[in-house]
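Novice: I am attaching a structure below and will ask some questions about it afterwards.
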Amino acid sequence: MIARLPRADFAAEFDAAIRDQAERKPASAAARLARSGRIADGELTWLSLVR
C-alpha cells in the first residue's frame, strides 16, 4: 500500500493543517495540539512506519 500511495510528506501536511486551524481557532483542540509540541512526536512515529 505504501509503495502505491506514498505519504512521506504526510507529517508536514498535517502539521500545516493543524497550525492553520490553530491560528483561526485559538481555543480549539488543534490549537492545544500545536501548543503542546507533540506534532513532531507524531511525525517521528509516522516516518518510522513508512520507511
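Chain lettering (A, B, ...) mirrors the order of the C-alpha cells, residue numbering begins at 1 for each chain separately, and ligand numbering begins at 1 in order of display.
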Residues near Asp9 of chain A, anyone? I mean within 10 Å using only C-alpha atoms, not counting same-chain ones fewer than 4 positions away, as a PyMOL selection string.
Specialist: chain A and resi 13-14+43+46-47
Novice: Would you write out those residues with N, CA and C atoms, as an mmCIF file, in the first residue's frame?
Specialist:
```cif
data_model
loop_
_atom_site.group_PDB
_atom_site.id
_atom_site.type_symbol
_atom_site.label_atom_id
_atom_site.label_comp_id
_atom_site.auth_asym_id
_atom_site.auth_seq_id
_atom_site.Cartn_x
_atom_site.Cartn_y
_atom_site.Cartn_z
ATOM 1 N N GLU A 13 2.256 17.985 5.955
ATOM 2 C CA GLU A 13 0.909 18.436 5.581
ATOM 3 C C GLU A 13 0.004 18.522 6.812
ATOM 4 N N PHE A 14 0.085 17.526 7.680
ATOM 5 C CA PHE A 14 -0.724 17.501 8.891
ATOM 6 C C PHE A 14 -0.342 18.665 9.804
ATOM 7 N N GLU A 43 5.192 12.931 13.923
ATOM 8 C CA GLU A 43 5.943 12.843 12.669
ATOM 9 C C GLU A 43 6.975 11.730 12.751
ATOM 10 N N TRP A 46 5.163 8.416 12.480
ATOM 11 C CA TRP A 46 4.684 8.182 11.108
ATOM 12 C C TRP A 46 5.839 7.765 10.194
ATOM 13 N N LEU A 47 6.945 8.517 10.286
ATOM 14 C CA LEU A 47 8.073 8.213 9.408
ATOM 15 C C LEU A 47 8.672 6.831 9.707
#
```
Novice: Give me the residues near Ala40 of chain A as a list in words, where near means some atom within 12 Å (using only C-alpha atoms) and where sequence neighbours in that chain fewer than 6 positions away do not count.
Specialist: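 The residues that qualify are Phe10, Ala11, Ala12, Phe14, Asp15, Ala16, Ile18, Leu33, Ala34, Trp46 and Leu47 of chain A.
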Novice: Could you please write out, as number ranges by chain, every residue of segment 16-45 of chain A that DSSP assigns to helix (DSSP H, G or I)?
Specialist: A: 16-24, 29-36, 39-45
Novice: Just write the chosen residues, C-alpha atoms, as an mmCIF file, in the first residue's frame.
Specialist:
```cif
data_model
loop_
_atom_site.group_PDB
_atom_site.id
_atom_site.type_symbol
_atom_site.label_atom_id
_atom_site.label_comp_id
_atom_site.auth_asym_id
_atom_site.auth_seq_id
_atom_site.Cartn_x
_atom_site.Cartn_y
_atom_site.Cartn_z
ATOM 1 C CA ALA A 16 0.498 22.774 8.381
ATOM 2 C CA ALA A 17 -3.214 21.943 8.634
ATOM 3 C CA ILE A 18 -3.124 21.870 12.439
ATOM 4 C CA ARG A 19 -1.245 25.154 12.665
ATOM 5 C CA ASP A 20 -3.579 26.782 10.131
ATOM 6 C CA GLN A 21 -6.639 25.787 12.159
ATOM 7 C CA ALA A 22 -4.911 26.784 15.401
ATOM 8 C CA GLU A 23 -4.426 30.306 14.046
ATOM 9 C CA ARG A 24 -8.083 30.552 13.036
ATOM 10 C CA ALA A 29 -8.214 21.134 20.022
ATOM 11 C CA ALA A 30 -5.913 21.901 17.084
ATOM 12 C CA ALA A 31 -4.556 24.935 18.924
ATOM 13 C CA ARG A 32 -3.937 22.860 22.040
ATOM 14 C CA LEU A 33 -2.123 20.250 19.939
ATOM 15 C CA ALA A 34 0.003 22.907 18.238
ATOM 16 C CA ARG A 35 0.946 24.419 21.606
ATOM 17 C CA SER A 36 1.792 21.004 23.053
ATOM 18 C CA ILE A 39 3.121 17.120 16.404
ATOM 19 C CA ALA A 40 6.835 16.430 15.934
ATOM 20 C CA ASP A 41 6.459 13.237 18.015
ATOM 21 C CA GLY A 42 3.736 12.085 15.659
ATOM 22 C CA GLU A 43 5.943 12.843 12.669
ATOM 23 C CA LEU A 44 8.695 10.599 14.000
ATOM 24 C CA THR A 45 6.194 7.799 14.583
#
```
